[in-house]
Amino acid sequence: MKKDIEDRGDIELLVNTFYDQARLNLVIGPVFNEIAKVNWESHLPRMYAFWTSMLLGDHSYTGNPMQKHIELSKLTRLSEVEFLEWLSIFKSTIDQLFEGPKAEEAKTRADNIARLMLHKIHSA
Ligand code: HEM
């Protein structure tokens, strides 16, 4: 039986494992590597803060992900195809590592945020 997402260490493992896979993905990898040319040293801690705030309620994240992705969608195609790929990697990462109510909550929240982002991108 796997454990649930319980602390900051679990969030770091989730985010690191997700990005190890996302960066290599043929559909969305290039967005990180070639379009945004992500600075991982600053991006990963932001993502730890984002998911800890979402799932563990520590309020450490301050930022505007919607605006970031609207800007990104002006540089590259961010359609349902890319979002479904992102979600598929995210959910399979969770399922590889964790199980329990927080693990389920993470997947539901990602689904809802992705749907909202896609909607905002379409109406931007
Ligand atoms: C097609 C799907 C997606 C792609 C290709 C994508 C890609 C990116 C990229 C390139 C960045 C900017 C990194 C930088 O700072 O240089 C970013 C930031 C971020 N993404 Fe995504 N993303 C996607 C979907 C999502 C979803 C569904 C979520 C949430 C569930 C999410 C959460 C975030 C957050 C929190 C940030 C940090 C924003 C900040 O700087 O405060 N992304 N994403």
# chains A, B, ... in the order shown; residues from 1 in each chain; ligands from 1

$ select_by_dssp --residues "range 14-118 of chain A" --states "helix (DSSP H, G or I)" --output "MDAnalysis selection string"
chainID A and resid 14:24 29:35 40:56 65:73 80:97 101:118

$ residues_near_ligand --ligand "ligand 1" --cutoff "9 Å" --atoms "only C-alpha atoms and all ligand atoms" --output "ChimeraX atom specification"
/A:22,27-33,35-40,42-44,46-51,61-69,72-73,76-87,90,106-107,109-118

$ closest_residue --among "A:Glu41, A:Leu75, A:Glu34, A:Thr52" --to "Glu12 in chain A" --atoms "only C-alpha atoms"
A:Thr52

$ closest_residue --among "A:Tyr19, A:His122, A:Asp4, A:Asn25" --to "Lys74 in chain A" --atoms "only C-alpha atoms"
A:His122

$ atom_distance --atom1 "CA of Thr108 in chain A" --atom2 "CA of Phe18 in chain A"
16.1 Å

$ closest_residue --among "A:Met54, A:Ala124, A:Pro45, A:Ala103" --to "Asn16 in chain A" --atoms "only C-alpha atoms"
A:Pro45

$ closest_residue --among "A:Lys3, A:Arg8, A:Arg23, A:His119" --to "Ile89 in chain A" --atoms "only C-alpha atoms"
A:Arg23
